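The block underneath contains the structure these notes are about, expressed in structure tokens.
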Amino acid sequence: MLTSSRCSLLCTAALLVAAATSQSEGEFGFLFAANAGALTGKNEGDLAEALRGACATGHPVRLVVDAPALARTLRPPCDRVDVVALGGGTRGAETGGAAALAAARRFKLEAIVAGLAEAFPGGTLYLDNDVAIRAGAAGELSAVFAAILRAGKAFGLVEAQRRLPERHRAGDVPDGFAERNGGAVFFGDAERSRRLAADWLAEFDARPSRDGHDQPALRRVLWRRRDELYDVPGGIQCRGLRLDEAGVRRPKRRSCDPCERDAAGYWPLLWHDHQLTLRENAARHTLLSNGSLCGFAVAPPPGRPGSG
């Protein structure tokens, strides 16, 4: 059994190199991370729907899990999903509060480091488990990677809706430099992306935030690597949908409508919201039809026909 995070990551890197499938030149792929906690509780359906959306694009998918036992029990929705285990099975054992969040976030960063050991040739798109992908968006997502490299940058992220929470301020980063959303990261240049991921993990360990989030560490690392950062247009990622009690769509700050272009003319390609909330909001949307809301699949609640 692996006895250290360092050994775990090195061994996983070797596994990924050995198991990597042959990809056509320039094809991007998806990267997800899941520990046992991601597969239980009220948000247990998030990963399954995220994987289905990624599979529907026809692009390869890599899923990094926290234990070999979990890898053996998972049943991916398509044969393009490579499941790789970090080993150990001890991550995320804390049961609540900031400690549990920090453990989950640290596993996420370990998984990103391991997943980038064999980056996809056209770029690696890391997504949190609660990110849905619009049907037919593969070409536009690929265009984001092309834009990153065309600009001479290494990786791309969207600015966070809350640009800088007060508790995340840092004396060594100007307040005008906003946080970026770490739930959707376009890793373009492979080598520089690996360095970013390693620095993100090291910074998370060296200066942990009191609330357990990984955003403050990411912000500090991105500030140091700002010349390599590409600002992905915010409109491609929809963060939730807010409706009033009458069911009227009234987008507020930090929310959007997945069926409308933003002010810059971008259609949302990603909808970042837990399935539970996504279903509740979509159910009251006038354009919901046959389990789809403007290209975003809306899964039925667990136990209903068509679920599972």
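In the structure tokens, each chain is lettered A, B, ... as it comes, each chain's residues begin at 1, and ligands are numbered from 1 in order of appearance.
The residue set within 9 Å of A:Gly115, counting only C-alpha atoms and dropping same-chain residues fewer than 3 places from it, reads Thr12, Ala13, Leu16, Leu31, Phe32, Ala33, Arg62, Leu63, Val64, Val84, Glu110, Ala111, Ile112, Glu118, Ala119 and Thr124 of chain A.
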Could you produce a table of the residues of stretch 216-299 of chain A lying within 12 Å of stretch 134-150 of chain A, with the nearest pair of atoms per residue and their separation in Å rounded to one decimal, using only C-alpha atoms, ordered by chain and increasing residue number, as a Markdown table?
```
| residue | atom | partner | partner_atom | distance |
| --- | --- | --- | --- | --- |
| A:Asp227 | CA | A:Ile148 | CA | 11.9 |
| A:Glu228 | CA | A:Ile148 | CA | 9.3 |
| A:Leu229 | CA | A:Ile148 | CA | 8.5 |
| A:Tyr230 | CA | A:Ile148 | CA | 6.0 |
| A:Asp231 | CA | A:Ile148 | CA | 8.7 |
| A:Val232 | CA | A:Val144 | CA | 7.5 |
| A:Pro233 | CA | A:Val144 | CA | 9.3 |
| A:Gly234 | CA | A:Val144 | CA | 12.0 |
| A:Ile236 | CA | A:Leu141 | CA | 9.1 |
| A:Gln237 | CA | A:Arg134 | CA | 10.2 |
| A:Cys238 | CA | A:Arg134 | CA | 10.6 |
| A:Pro258 | CA | A:Arg134 | CA | 9.2 |
| A:Cys259 | CA | A:Arg134 | CA | 10.6 |
| A:Tyr266 | CA | A:Glu140 | CA | 10.5 |
| A:Trp267 | CA | A:Arg134 | CA | 9.7 |
| A:Pro268 | CA | A:Arg134 | CA | 7.7 |
| A:Leu269 | CA | A:Arg134 | CA | 5.2 |
| A:Leu270 | CA | A:Arg134 | CA | 6.1 |
| A:Trp271 | CA | A:Arg134 | CA | 7.7 |
| A:His272 | CA | A:Arg134 | CA | 11.0 |
| A:Ser292 | CA | A:Ala135 | CA | 9.5 |
| A:Leu293 | CA | A:Arg134 | CA | 9.2 |
| A:Cys294 | CA | A:Arg134 | CA | 7.9 |
| A:Gly295 | CA | A:Ala135 | CA | 5.0 |
| A:Phe296 | CA | A:Arg134 | CA | 4.8 |
| A:Ala297 | CA | A:Arg134 | CA | 7.6 |
| A:Val298 | CA | A:Arg134 | CA | 10.8 |
```
Store the residues picked out above in a file with N, CA and C atoms, as a PDB file, in the first residue's frame.
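Result saved to again38.pdb:
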```
ATOM      1  N   ASP A 227       1.260  36.038 -16.179  1.00  0.00           N
ATOM      2  CA  ASP A 227       1.630  36.176 -17.589  1.00  0.00           C
ATOM      3  C   ASP A 227       1.246  34.937 -18.395  1.00  0.00           C
ATOM      4  N   GLU A 228       0.953  33.838 -17.719  1.00  0.00           N
ATOM      5  CA  GLU A 228       0.566  32.592 -18.394  1.00  0.00           C
ATOM      6  C   GLU A 228      -0.949  32.387 -18.391  1.00  0.00           C
ATOM      7  N   LEU A 229      -1.679  33.290 -17.728  1.00  0.00           N
ATOM      8  CA  LEU A 229      -3.116  33.128 -17.506  1.00  0.00           C
ATOM      9  C   LEU A 229      -3.940  33.756 -18.628  1.00  0.00           C
ATOM     10  N   TYR A 230      -4.873  32.984 -19.136  1.00  0.00           N
ATOM     11  CA  TYR A 230      -5.841  33.466 -20.129  1.00  0.00           C
ATOM     12  C   TYR A 230      -7.186  33.603 -19.433  1.00  0.00           C
ATOM     13  N   ASP A 231      -7.807  34.764 -19.565  1.00  0.00           N
ATOM     14  CA  ASP A 231      -9.123  34.996 -18.962  1.00  0.00           C
ATOM     15  C   ASP A 231     -10.203  34.489 -19.906  1.00  0.00           C
ATOM     16  N   VAL A 232     -10.770  33.354 -19.573  1.00  0.00           N
ATOM     17  CA  VAL A 232     -11.850  32.775 -20.365  1.00  0.00           C
ATOM     18  C   VAL A 232     -13.099  33.637 -20.181  1.00  0.00           C
ATOM     19  N   PRO A 233     -13.818  33.969 -21.252  1.00  0.00           N
ATOM     20  CA  PRO A 233     -15.034  34.785 -21.115  1.00  0.00           C
ATOM     21  C   PRO A 233     -16.005  34.174 -20.113  1.00  0.00           C
ATOM     22  N   GLY A 234     -16.462  34.996 -19.183  1.00  0.00           N
ATOM     23  CA  GLY A 234     -17.320  34.500 -18.112  1.00  0.00           C
ATOM     24  C   GLY A 234     -18.636  33.925 -18.591  1.00  0.00           C
ATOM     25  N   ILE A 236     -19.338  31.804 -20.769  1.00  0.00           N
ATOM     26  CA  ILE A 236     -19.419  30.398 -21.161  1.00  0.00           C
ATOM     27  C   ILE A 236     -19.804  29.504 -19.997  1.00  0.00           C
ATOM     28  N   GLN A 237     -19.734  30.025 -18.776  1.00  0.00           N
ATOM     29  CA  GLN A 237     -20.087  29.222 -17.607  1.00  0.00           C
ATOM     30  C   GLN A 237     -21.253  29.856 -16.866  1.00  0.00           C
ATOM     31  N   CYS A 238     -22.342  29.131 -16.778  1.00  0.00           N
ATOM     32  CA  CYS A 238     -23.520  29.610 -16.061  1.00  0.00           C
ATOM     33  C   CYS A 238     -23.444  29.123 -14.622  1.00  0.00           C
ATOM     34  N   PRO A 258     -29.330  29.822 -18.540  1.00  0.00           N
ATOM     35  CA  PRO A 258     -28.631  28.979 -19.510  1.00  0.00           C
ATOM     36  C   PRO A 258     -29.209  29.040 -20.910  1.00  0.00           C
ATOM     37  N   CYS A 259     -30.350  29.716 -21.064  1.00  0.00           N
ATOM     38  CA  CYS A 259     -30.988  29.818 -22.375  1.00  0.00           C
ATOM     39  C   CYS A 259     -30.782  31.181 -23.020  1.00  0.00           C
ATOM     40  N   TYR A 266     -21.991  35.566 -25.501  1.00  0.00           N
ATOM     41  CA  TYR A 266     -21.599  34.167 -25.349  1.00  0.00           C
ATOM     42  C   TYR A 266     -22.755  33.327 -24.812  1.00  0.00           C
ATOM     43  N   TRP A 267     -22.962  32.155 -25.446  1.00  0.00           N
ATOM     44  CA  TRP A 267     -23.888  31.176 -24.907  1.00  0.00           C
ATOM     45  C   TRP A 267     -23.187  30.392 -23.802  1.00  0.00           C
ATOM     46  N   PRO A 268     -23.876  30.044 -22.730  1.00  0.00           N
ATOM     47  CA  PRO A 268     -23.245  29.181 -21.727  1.00  0.00           C
ATOM     48  C   PRO A 268     -22.940  27.804 -22.317  1.00  0.00           C
ATOM     49  N   LEU A 269     -21.719  27.345 -22.117  1.00  0.00           N
ATOM     50  CA  LEU A 269     -21.328  25.999 -22.527  1.00  0.00           C
ATOM     51  C   LEU A 269     -21.328  25.045 -21.340  1.00  0.00           C
ATOM     52  N   LEU A 270     -21.168  25.615 -20.146  1.00  0.00           N
ATOM     53  CA  LEU A 270     -21.112  24.846 -18.906  1.00  0.00           C
ATOM     54  C   LEU A 270     -22.121  25.428 -17.925  1.00  0.00           C
ATOM     55  N   TRP A 271     -22.815  24.561 -17.200  1.00  0.00           N
ATOM     56  CA  TRP A 271     -23.761  25.012 -16.173  1.00  0.00           C
ATOM     57  C   TRP A 271     -23.274  24.441 -14.853  1.00  0.00           C
ATOM     58  N   HIS A 272     -22.783  25.322 -13.979  1.00  0.00           N
ATOM     59  CA  HIS A 272     -22.127  24.924 -12.734  1.00  0.00           C
ATOM     60  C   HIS A 272     -23.133  25.006 -11.589  1.00  0.00           C
ATOM     61  N   SER A 292     -34.560  18.292 -21.189  1.00  0.00           N
ATOM     62  CA  SER A 292     -33.455  19.132 -21.647  1.00  0.00           C
ATOM     63  C   SER A 292     -33.837  20.595 -21.505  1.00  0.00           C
ATOM     64  N   LEU A 293     -32.894  21.377 -21.040  1.00  0.00           N
ATOM     65  CA  LEU A 293     -33.100  22.820 -20.944  1.00  0.00           C
ATOM     66  C   LEU A 293     -32.035  23.499 -21.792  1.00  0.00           C
ATOM     67  N   CYS A 294     -32.430  23.859 -23.006  1.00  0.00           N
ATOM     68  CA  CYS A 294     -31.539  24.565 -23.922  1.00  0.00           C
ATOM     69  C   CYS A 294     -30.205  23.835 -24.110  1.00  0.00           C
ATOM     70  N   GLY A 295     -30.283  22.510 -24.252  1.00  0.00           N
ATOM     71  CA  GLY A 295     -29.090  21.710 -24.494  1.00  0.00           C
ATOM     72  C   GLY A 295     -28.471  21.105 -23.259  1.00  0.00           C
ATOM     73  N   PHE A 296     -28.923  21.503 -22.084  1.00  0.00           N
ATOM     74  CA  PHE A 296     -28.408  20.922 -20.844  1.00  0.00           C
ATOM     75  C   PHE A 296     -29.358  19.821 -20.383  1.00  0.00           C
ATOM     76  N   ALA A 297     -28.829  18.609 -20.215  1.00  0.00           N
ATOM     77  CA  ALA A 297     -29.652  17.493 -19.759  1.00  0.00           C
ATOM     78  C   ALA A 297     -30.069  17.712 -18.313  1.00  0.00           C
ATOM     79  N   VAL A 298     -31.337  17.494 -18.043  1.00  0.00           N
ATOM     80  CA  VAL A 298     -31.872  17.621 -16.686  1.00  0.00           C
ATOM     81  C   VAL A 298     -32.325  16.233 -16.267  1.00  0.00           C
TER      82      VAL A 298
END
```
Could you pull out the residues in stretch 103-271 of chain A that DSSP calls alpha helix (DSSP H) from the backbone, as a PyMOL selection string? chain A and resi 103-115+138-150+190-206+215-224
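Atom CA of A:Glu203 lies 27.2 Å from atom CA of A:Phe28.
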Of A:Gly58, A:Glu280, A:Asp257, A:Asn129, the one sitting nearest A:Leu39 when using only C-alpha atoms is A:Asn129
Assign secondary structure with DSSP using the backbone only, and return the residues of stretch 97-246 of chain A in strand (DSSP E or B) as a PyMOL selection string. chain A and resi 124-127+131-133+155-157+159+180+184-187+229-231+237-238+243
What is the distance, in Å and to one decimal place, between atom CA of A:Phe155 and atom CA of A:Ala178? 16.0 Å
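We find atom CA of A:Tyr126 and atom CA of A:Ala50 to be spaced 11.4 Å apart.
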When distances are computed from only C-alpha atoms, which of A:Cys78, A:Phe107, A:Lys153, A:Leu47 shows the smallest separation from A:Ala190? A:Lys153
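Closest approach to A:Gly156 among A:Gly176, A:Gly45, A:Gly188, A:Pro208: A:Gly188, based on only C-alpha atoms.
Nearest to A:Leu70 of all the residues A:Val221, A:Leu276, A:Ala38, A:Leu51 is A:Ala38, counting only C-alpha atoms.
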